[in-house]
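**Student:** My file is start.txt. It has compact mmCIF, C-alpha atoms and all ligand atoms:
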```
# COMPACT_ATOMS: atom_id res chain seq x y z
CA MET C 1 -0.30 -38.90 15.92
CA HIS C 2 1.17 -35.56 16.81
CA GLU C 3 2.84 -34.68 13.53
CA LEU C 4 1.72 -31.06 13.81
CA ALA C 5 3.45 -30.56 17.16
CA LEU C 6 6.63 -32.13 15.76
CA ALA C 7 6.46 -30.08 12.55
CA ARG C 8 6.08 -26.86 14.57
CA GLU C 9 9.11 -27.78 16.64
CA ALA C 10 11.17 -28.56 13.52
CA VAL C 11 10.17 -25.22 11.98
CA ARG C 12 10.99 -23.41 15.23
CA LEU C 13 14.47 -24.99 15.47
CA VAL C 14 15.38 -24.35 11.83
CA ALA C 15 13.90 -20.82 11.71
CA ARG C 16 15.81 -19.83 14.85
CA ASP C 17 19.11 -21.07 13.47
CA ALA C 18 18.49 -19.65 10.00
CA ALA C 19 17.53 -16.21 11.34
CA ARG C 20 20.70 -16.15 13.45
CA ARG C 21 22.75 -16.74 10.29
CA GLY C 22 20.94 -14.02 8.34
CA CYS C 23 19.44 -16.53 5.95
CA ARG C 24 16.67 -15.16 3.67
CA GLN C 25 15.09 -18.44 2.66
CA VAL C 26 15.32 -22.06 3.69
CA THR C 27 15.20 -24.26 0.61
CA LYS C 28 15.45 -27.77 2.01
CA VAL C 29 14.90 -29.46 5.39
CA LYS C 30 15.97 -32.97 6.27
CA LEU C 31 14.16 -34.88 9.04
CA ARG C 32 14.72 -38.35 10.45
CA PHE C 33 12.18 -40.56 12.21
CA GLY C 34 12.62 -44.01 13.68
CA GLU C 35 10.19 -46.62 12.40
CA LEU C 36 8.84 -47.18 15.93
CA THR C 37 7.73 -43.56 16.40
CA ALA C 38 4.47 -44.00 14.46
CA VAL C 39 5.18 -40.77 12.58
CA LEU C 40 3.63 -40.96 9.12
CA PRO C 41 5.73 -39.27 6.40
CA GLU C 42 2.62 -38.12 4.46
CA ALA C 43 1.04 -36.61 7.56
CA MET C 44 4.38 -35.07 8.51
CA SER C 45 4.72 -33.51 5.11
CA MET C 46 1.24 -31.98 5.33
CA ALA C 47 1.89 -30.73 8.86
CA PHE C 48 5.16 -29.18 7.70
CA THR C 49 3.38 -27.27 4.94
CA CYS C 50 0.98 -25.81 7.54
CA ALA C 51 3.62 -25.11 10.17
CA SER C 52 6.05 -23.42 7.76
CA ARG C 53 3.51 -20.99 6.30
CA GLY C 54 4.65 -17.40 6.82
CA THR C 55 8.15 -18.43 8.00
CA LEU C 56 11.62 -18.59 6.40
CA LEU C 57 10.82 -22.24 5.69
CA GLU C 58 7.74 -21.63 3.56
CA GLY C 59 8.05 -23.59 0.32
CA ALA C 60 11.14 -25.52 1.46
CA GLN C 61 11.56 -29.04 0.14
CA LEU C 62 11.12 -31.67 2.84
CA ASP C 63 13.24 -34.80 2.93
CA ILE C 64 12.12 -37.45 5.43
CA THR C 65 14.17 -40.56 6.17
CA THR C 66 12.87 -43.51 8.18
CA VAL C 67 15.39 -45.19 10.46
CA PRO C 68 14.93 -48.95 10.83
CA ALA C 69 14.64 -50.39 14.34
CA ARG C 70 17.62 -52.27 15.77
CA ALA C 71 17.91 -53.92 19.17
CA ARG C 72 20.56 -55.79 21.17
CA CYS C 73 19.63 -58.68 23.43
CA SER C 74 20.46 -57.92 27.07
CA CYS C 75 21.19 -61.60 27.66
CA CYS C 76 23.15 -63.06 24.73
CA GLY C 77 24.16 -59.80 23.04
CA VAL C 78 22.88 -60.62 19.56
CA GLU C 79 21.81 -57.65 17.44
CA PHE C 80 18.53 -57.95 15.55
CA GLN C 81 15.71 -56.12 13.84
CA PRO C 82 12.85 -56.36 16.38
CA GLU C 83 9.47 -57.70 15.29
CA GLU C 84 7.11 -54.93 16.34
CA TRP C 85 7.71 -53.84 19.93
CA LEU C 86 8.18 -57.05 21.84
CA LEU C 87 11.96 -56.88 21.52
CA LEU C 88 12.10 -60.64 21.87
CA CYS C 89 15.57 -62.01 21.10
CA PRO C 90 15.38 -64.32 18.06
CA ARG C 91 18.27 -66.40 19.42
CA CYS C 92 17.61 -66.89 23.15
CA HIS C 93 14.01 -65.55 23.37
CA THR C 94 14.77 -63.15 26.23
CA PRO C 95 12.31 -60.21 26.12
CA GLY C 96 13.17 -56.57 26.82
CA ALA C 97 16.21 -56.14 24.57
CA ARG C 98 17.86 -52.70 24.46
CA LEU C 99 16.68 -50.56 21.58
CA LEU C 100 19.63 -49.16 19.59
CA SER C 101 17.59 -47.25 17.01
CA GLY C 102 14.03 -46.77 15.85
CA ARG C 103 12.85 -43.99 18.17
CA GLU C 104 14.60 -41.02 16.51
CA MET C 105 12.80 -37.72 15.88
CA GLU C 106 15.38 -35.29 14.55
CA VAL C 107 16.05 -32.30 12.35
CA VAL C 108 19.18 -33.54 10.60
CA SER C 109 20.06 -30.50 8.49
CA TYR C 110 18.76 -27.71 6.32
CA GLU C 111 19.86 -25.77 3.26
CA GLY C 112 19.23 -22.10 2.68
CA LYS C 113 20.31 -18.98 0.82
CA MET U 1 23.70 -14.77 0.90
CA ALA U 2 25.23 -17.74 -0.95
CA ASP U 3 23.64 -21.19 -0.76
CA PHE U 4 24.65 -22.97 2.42
CA LYS U 5 23.94 -26.11 4.41
CA VAL U 6 23.74 -26.47 8.18
CA ILE U 7 23.89 -29.74 10.09
CA LEU U 8 21.59 -29.27 13.10
CA ALA U 9 21.18 -32.82 14.44
CA GLN U 10 18.62 -31.66 17.01
CA ASP U 11 16.04 -33.81 18.71
CA LEU U 12 12.44 -32.66 18.23
CA ARG U 13 11.65 -33.76 21.79
CA GLN U 14 14.51 -31.86 23.43
CA ALA U 15 12.60 -28.63 24.16
CA ASN U 16 9.85 -30.66 25.81
CA ARG U 17 12.45 -32.65 27.78
CA ASP U 18 14.05 -29.44 29.06
CA GLN U 19 10.69 -28.03 30.14
CA ALA U 20 9.77 -31.37 31.75
CA ALA U 21 13.03 -31.27 33.73
CA ALA U 22 12.17 -27.77 34.95
CA ASN U 23 8.68 -28.94 35.99
CA ARG U 24 10.20 -31.95 37.77
CA ALA U 25 12.57 -29.70 39.72
CA LEU U 26 9.64 -27.53 40.79
CA PHE U 27 7.62 -30.59 41.89
CA GLN U 28 10.62 -31.86 43.81
CA ALA U 29 11.11 -28.53 45.57
CA SER U 30 7.41 -28.42 46.49
CA GLY U 31 7.45 -32.00 47.78
CA VAL U 32 4.51 -33.05 45.62
CA THR U 33 4.19 -36.47 43.98
CA VAL U 34 2.91 -36.23 40.40
CA VAL U 35 0.96 -38.94 38.55
CA ASN U 36 0.25 -38.68 34.80
CA LEU U 37 -2.89 -40.68 33.89
CA ILE U 38 -2.95 -41.96 30.31
CA SER U 39 -5.71 -43.89 28.55
CA SER U 40 -7.87 -43.79 25.46
CA ALA U 41 -11.04 -41.72 25.58
CA GLY U 42 -13.60 -43.15 27.99
CA ALA U 43 -11.44 -45.80 29.70
CA GLY U 44 -12.36 -44.25 33.04
CA LYS U 45 -9.68 -41.71 34.02
CA THR U 46 -12.12 -39.20 35.51
CA SER U 47 -14.23 -41.92 37.16
CA ILE U 48 -11.15 -43.38 38.85
CA LEU U 49 -10.11 -39.88 39.95
CA GLU U 50 -13.55 -39.26 41.44
CA ALA U 51 -13.45 -42.53 43.36
CA THR U 52 -9.93 -41.68 44.54
CA LEU U 53 -10.92 -38.22 45.74
CA ALA U 54 -14.00 -39.62 47.48
CA ASN U 55 -11.78 -41.94 49.52
CA LEU U 56 -8.48 -40.11 49.95
CA ALA U 57 -9.15 -36.36 49.79
CA GLY U 58 -9.74 -36.33 53.57
CA GLU U 59 -6.28 -37.66 54.46
CA ILE U 60 -4.11 -36.60 51.48
CA LYS U 61 -3.93 -33.12 49.92
CA ILE U 62 -4.71 -33.73 46.26
CA GLY U 63 -4.75 -31.39 43.24
CA VAL U 64 -5.78 -32.17 39.67
CA ILE U 65 -4.85 -30.90 36.21
CA GLU U 66 -7.44 -31.86 33.59
CA GLY U 67 -6.30 -32.04 29.97
CA ASP U 68 -9.00 -32.12 27.31
CA ILE U 69 -9.20 -31.07 23.70
CA ALA U 70 -12.26 -28.97 24.54
CA THR U 71 -14.76 -28.27 27.38
CA SER U 72 -14.20 -28.14 31.13
CA ARG U 73 -16.66 -30.92 31.96
CA ASP U 74 -14.06 -33.14 33.61
CA ALA U 75 -12.77 -30.23 35.70
CA ALA U 76 -16.34 -29.53 36.80
CA ARG U 77 -16.71 -33.19 37.86
CA ILE U 78 -13.48 -32.93 39.89
CA ALA U 79 -14.30 -29.53 41.40
CA ALA U 80 -17.34 -31.10 43.04
CA TRP U 81 -14.86 -32.73 45.45
CA LYS U 82 -13.57 -29.33 46.60
CA VAL U 83 -9.97 -29.91 45.54
CA PRO U 84 -7.81 -27.48 43.53
CA VAL U 85 -8.30 -28.23 39.84
CA VAL U 86 -7.07 -26.56 36.63
CA GLN U 87 -8.47 -27.28 33.21
CA ILE U 88 -6.15 -27.18 30.18
CA ASN U 89 -7.80 -27.13 26.77
CA THR U 90 -5.29 -28.20 24.16
CA ALA U 91 -7.25 -26.63 21.28
CA GLY U 92 -7.06 -29.72 19.13
CA ALA U 93 -3.71 -31.15 20.22
CA CYS U 94 -3.89 -34.86 21.03
CA HIS U 95 -1.65 -34.70 24.10
CA LEU U 96 -0.46 -32.48 26.94
CA ASP U 97 3.11 -31.24 26.79
CA ALA U 98 5.45 -29.92 29.46
CA ALA U 99 4.92 -26.27 28.46
CA LEU U 100 1.14 -26.56 28.91
CA ILE U 101 1.72 -28.00 32.39
CA ALA U 102 4.19 -25.23 33.27
CA ALA U 103 1.59 -22.64 32.27
CA ALA U 104 -1.02 -24.27 34.51
CA LEU U 105 1.17 -24.66 37.61
CA PRO U 106 0.87 -21.07 38.94
CA GLU U 107 -2.87 -21.75 39.33
CA LEU U 108 -2.21 -24.52 41.87
CA PRO U 109 -1.09 -24.29 45.53
CA LEU U 110 1.79 -26.70 44.83
CA GLY U 111 3.45 -26.26 48.22
CA GLU U 112 0.29 -27.44 49.99
CA LEU U 113 -0.22 -30.57 47.89
CA ASP U 114 0.94 -34.13 48.59
CA LEU U 115 -0.30 -35.51 45.30
CA LEU U 116 -1.00 -33.98 41.90
CA PHE U 117 -2.90 -35.94 39.26
CA ILE U 118 -2.62 -34.97 35.62
CA GLU U 119 -5.45 -36.42 33.53
CA ASN U 120 -4.01 -36.48 30.03
CA VAL U 121 -6.05 -36.08 26.84
CA GLY U 122 -7.98 -39.28 26.04
CA ASN U 123 -5.55 -40.98 23.63
CA LEU U 124 -3.47 -44.13 24.05
CA VAL U 125 -0.69 -43.13 21.63
CA CYS U 126 0.55 -39.55 21.74
CA PRO U 127 0.57 -38.72 25.48
CA ALA U 128 3.07 -41.53 26.06
CA GLU U 129 5.67 -39.64 23.95
CA PHE U 130 5.64 -36.46 26.04
CA ASP U 131 7.29 -36.26 29.44
CA LEU U 132 5.48 -33.72 31.61
CA GLY U 133 7.86 -33.88 34.57
CA GLU U 134 5.71 -36.42 36.42
CA ASP U 135 7.05 -39.02 38.84
CA VAL U 136 5.13 -41.85 37.23
CA LYS U 137 2.92 -42.54 34.27
CA VAL U 138 -0.11 -44.69 35.06
CA GLY U 139 -1.81 -46.35 32.11
CA ILE U 140 -5.49 -47.21 32.25
CA LEU U 141 -7.16 -49.74 29.98
CA SER U 142 -10.78 -50.85 30.24
CA VAL U 143 -11.71 -54.44 29.46
CA THR U 144 -14.15 -53.30 26.75
CA GLU U 145 -11.20 -52.07 24.66
CA GLY U 146 -9.84 -55.59 24.13
CA SER U 147 -6.84 -57.53 25.39
CA ASP U 148 -4.80 -56.97 22.21
CA LYS U 149 -4.10 -53.30 23.03
CA PRO U 150 -0.64 -53.71 24.61
CA LEU U 151 0.80 -55.08 21.37
CA LYS U 152 -1.03 -52.53 19.22
CA TYR U 153 -0.16 -49.47 21.33
CA PRO U 154 3.03 -50.57 23.11
CA LEU U 155 4.68 -47.31 24.12
CA VAL U 156 2.29 -46.37 26.91
CA PHE U 157 2.60 -49.87 28.41
CA GLN U 158 6.38 -49.60 28.32
CA GLU U 159 6.49 -46.11 29.78
CA ALA U 160 4.00 -46.77 32.58
CA ARG U 161 4.99 -48.04 36.03
CA LEU U 162 1.43 -49.11 36.83
CA LEU U 163 -1.43 -50.31 34.67
CA LEU U 164 -4.99 -50.07 35.95
CA LEU U 165 -7.28 -52.56 34.22
CA ASN U 166 -10.65 -50.85 34.66
CA LYS U 167 -14.32 -51.82 34.20
CA ILE U 168 -13.64 -55.33 35.44
CA ASP U 169 -17.37 -55.50 36.31
CA LEU U 170 -17.97 -55.76 32.54
CA LEU U 171 -15.60 -58.69 32.01
CA PRO U 172 -18.38 -61.32 31.57
CA TYR U 173 -19.80 -59.32 28.65
CA THR U 174 -16.52 -59.11 26.71
CA ASP U 175 -14.03 -61.48 25.07
CA PHE U 176 -11.17 -59.85 27.00
CA ASP U 177 -8.51 -62.52 27.67
CA PRO U 178 -6.73 -61.73 30.97
CA VAL U 179 -4.10 -64.45 30.44
CA THR U 180 -2.87 -63.23 27.04
CA PHE U 181 -3.11 -59.69 28.33
CA SER U 182 -0.76 -60.21 31.26
CA GLN U 183 1.62 -62.33 29.14
CA ASP U 184 1.92 -59.56 26.55
CA LEU U 185 2.43 -56.94 29.25
CA ARG U 186 5.15 -58.98 30.91
CA ALA U 187 6.97 -59.30 27.60
CA LEU U 188 6.69 -55.57 26.91
CA ASN U 189 7.53 -54.35 30.39
CA PRO U 190 8.60 -56.88 33.03
CA ALA U 191 8.59 -54.18 35.74
CA LEU U 192 4.97 -53.12 35.20
CA THR U 193 2.53 -53.55 38.11
CA ILE U 194 -1.07 -54.42 37.19
CA ILE U 195 -4.10 -53.64 39.34
CA THR U 196 -7.51 -54.84 38.26
CA LEU U 197 -10.41 -52.65 39.40
CA SER U 198 -13.82 -51.17 38.76
CA ALA U 199 -14.52 -47.49 39.33
CA ARG U 200 -18.20 -48.47 39.19
CA THR U 201 -18.36 -51.19 41.86
CA GLY U 202 -15.26 -50.21 43.85
CA GLU U 203 -13.63 -53.63 43.40
CA GLY U 204 -9.82 -53.35 43.53
CA LEU U 205 -9.77 -49.66 44.51
CA GLU U 206 -8.15 -50.37 47.89
CA GLU U 207 -5.12 -51.83 46.17
CA TRP U 208 -4.81 -48.68 44.02
CA PHE U 209 -5.07 -46.42 47.09
CA LEU U 210 -2.38 -48.43 48.84
CA TRP U 211 -0.12 -48.16 45.79
CA LEU U 212 -0.62 -44.36 45.77
CA LYS U 213 0.16 -44.01 49.47
CA GLN U 214 3.33 -46.08 49.08
CA LEU U 215 4.36 -43.92 46.13
CA ILE U 216 3.94 -40.72 48.16
CA THR U 217 5.84 -42.20 51.11
CA SER U 218 8.77 -43.38 48.99
CA LYS U 219 8.96 -39.98 47.27
CA LYS U 220 9.09 -38.21 50.64
CA GLN U 221 11.82 -40.59 51.84
CA GLN U 222 13.83 -39.88 48.69
CA ALA U 223 13.54 -36.16 49.40
CA SER U 224 14.92 -36.61 52.93
CA PRO U 225 17.11 -39.73 52.85
CA CYS U 226 17.98 -39.69 56.55
CA GLY U 227 14.30 -39.74 57.50
CA ALA U 228 14.61 -36.36 59.20
CA THR U 229 11.33 -34.61 59.86
CA ALA U 230 10.85 -31.05 58.76
N1 LIG B 301 -19.27 -50.34 33.93
C1 LIG B 301 -18.31 -49.46 34.22
N2 LIG B 301 -18.32 -48.24 33.65
C2 LIG B 301 -17.33 -47.38 33.95
C3 LIG B 301 -16.28 -47.72 34.84
N3 LIG B 301 -15.43 -46.66 34.92
C4 LIG B 301 -15.95 -45.69 34.15
N4 LIG B 301 -17.09 -46.11 33.55
C5 LIG B 301 -17.94 -45.35 32.63
O1 LIG B 301 -17.21 -45.12 31.43
C6 LIG B 301 -17.55 -43.84 30.88
C7 LIG B 301 -16.32 -43.00 30.66
O2 LIG B 301 -15.72 -42.72 31.92
P1 LIG B 301 -14.81 -41.44 32.18
O3 LIG B 301 -14.34 -41.55 33.58
O4 LIG B 301 -15.48 -40.20 31.76
O5 LIG B 301 -13.60 -41.75 31.18
P2 LIG B 301 -12.35 -40.83 30.82
O6 LIG B 301 -11.21 -41.75 30.57
O7 LIG B 301 -12.17 -39.79 31.85
O8 LIG B 301 -12.82 -40.17 29.45
P3 LIG B 301 -12.18 -38.90 28.67
O9 LIG B 301 -11.78 -37.89 29.70
O10 LIG B 301 -13.28 -38.43 27.79
O11 LIG B 301 -11.02 -39.44 27.89
C8 LIG B 301 -18.53 -43.21 31.85
O12 LIG B 301 -19.84 -43.41 31.38
C9 LIG B 301 -18.29 -43.97 33.14
O13 LIG B 301 -19.43 -44.01 33.96
C10 LIG B 301 -16.29 -49.04 35.42
O14 LIG B 301 -15.40 -49.44 36.19
N5 LIG B 301 -17.32 -49.86 35.06
MG MG B 302 -11.99 -37.70 31.64
ZN ZN B 303 19.47 -63.26 23.25
```
If you convert what's in this file into structure tokens, what do you get?
**Tutor:**
Amino acid sequence: MHELALAREAVRLVARDAARRGCRQVTKVKLRFGELTAVLPEAMSMAFTCASRGTLLEGAQLDITTVPARARCSCCGVEFQPEEWLLLCPRCHTPGARLLSGREMEVVSYEGK
Amino acid sequence: MADFKVILAQDLRQANRDQAAANRALFQASGVTVVNLISSAGAGKTSILEATLANLAGEIKIGVIEGDIATSRDAARIAAWKVPVVQINTAGACHLDAALIAAALPELPLGELDLLFIENVGNLVCPAEFDLGEDVKVGILSVTEGSDKPLKYPLVFQEARLLLLNKIDLLPYTDFDPVTFSQDLRALNPALTIITLSARTGEGLEEWFLWLKQLITSKKQQASPCGATA
């Protein structure tokens, strides 16, 4: 996966905001990934360590949350946790339900001083 | 400065989306149709491109962007067909992104092209996440990779408008199950078109060429809805 590219983008977004606020050091960064994004928290954490080196974020604690997948059937409207990617409705078996969550890749927040 | 907390709530894909939108606007203004080819390493992207150039380069103005982790071997293969080609080396990254494409575009005579192919880095997972500004993503799978791939690597099959099932000449030597394969694809993406072909024997290529020509025509009609000629 492309954890390094995502980590660089997270560092860029936080560093830009932190610099604008005159922050000297970022102490904690909170990220959120949907379970269907194939982002591995361990790999992300390693990538973050690399990407943050020499920036305001160096040494910051990383907090990664995984968002469970949810989908709503386009036919009968039932909400369910999809089995893998098929998005097959467990009630009426219609495929191609609408994904409500599970594809997030976000910087939620950061703390600094 | 005292301790503080900032809620950012920013999407890590947003910068790429913005750049992709800028690329798309440029493609639109130049009147070029852009196809992003995605497959795992060795499924036959460059071979299919070569066969396409051999047959269509005379009637359609085609350009190519080659994405590879290293080397310009694929670009050299394409350049043999005397079409504009740019090689992007991603220096280790497993996918092309919209900024890499934007950096390559000044090297191409966009205004003269009808069709621009982007051969993504050989990888079935990551390239599907990154919009480049293309009109369509085309997935390529070769029968030697196995018919279980749609369920194992679903995103590319959901994002693609067309799936080329390549190396069909090798079907008798594999346990590839075409029935399960098309059932799984239909469940993942009911709108997906499937074309079965062989870059080696030429089987099925005509159908692919026809699909490409229709794509270019419908793009041009979109650009001038009243059918007015320039
Ligand atoms: N038998 C057979 N071999 C094929 C076919 N298409 C491609 N090949 C062979 O498969 C190998 C890989 O083909 P390429 O076109 O280089 O694949 P690619 O997807 O561009 O590979 P990367 O750029 O490295 O990701 C080559 O040896 C081709 O000759 C086909 O339809 N049938
Ligand atoms: Mg290639
Ligand atoms: Zn249902």
**Student:** Which neighbours of Ala18 in chain C fall inside 10 Å, counting only C-alpha atoms, when residues of the same chain fewer than 3 positions from it are skipped, and could you give them as a PyMOL selection string?
**Tutor:** (chain C and resi 12-15+21-26+56-57+110-113) or (chain U and resi 6)
**Student:** Please write out the residues within 12 Å of ligand ZN 303 (chain B) as a PyMOL selection string, counting all atoms listed in the file.
**Tutor:** chain C and resi 71-80+82+87-98
**Student:** Give the residue list for ligand LIG 301 (chain B) at 7 Å, counting all atoms listed in the file, as a PyMOL selection string, sorted by chain and then by residue number.
**Tutor:** chain U and resi 39-48+68+74+121-122+166-170+197-201
**Student:** Tell me as a list in words which residues belonging to chain U come within 6 Å of chain C, counting only C-alpha atoms.
**Tutor:** Met1, Ala2, Asp3, Phe4, Lys5, Val6, Ile7, Leu8, Ala9, Gln10, Asp11, Leu12, Cys126, Ala187 and Leu188 of chain U
**Student:** So which residues touch range 144-159 of chain U within 8 Å, counting only C-alpha atoms, skipping near sequence neighbours fewer than 4 positions away, as a PyMOL selection string?
**Tutor:** (chain C and resi 85-86) or (chain U and resi 38+124-125+127-129+137+139+163+167+170-171+174-178+180-181+184-185+188-189+192)
**Student:** Figure out the distance between CA of Gly67 in chain U and CA of Phe209 in chain U, please, to one decimal in Å.
**Tutor:**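 Separating CA of Phe209 in chain U from CA of Gly67 in chain U is a distance of 22.4 Å.
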**Student:** Using all atoms listed in the file, can you list as a list in words the residues within 9 Å of (-12.1, -33.4, 39.9)?
**Tutor:**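 Looking at atoms near the point gives Thr46, Leu49, Glu50, Leu53, Gly63, Val64, Ile65, Glu66, Asp74, Ala75, Ala76, Arg77, Ile78, Ala79, Ala80, Trp81, Lys82, Val83, Pro84 and Val85 of chain U.
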**Student:** Please indicate the distance in Å from CA of Lys61 in chain U to CA of Thr90 in chain U, rounded to one decimal place.
**Tutor:**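 Pair CA of Lys61 in chain U / CA of Thr90 in chain U returns 26.3 Å.
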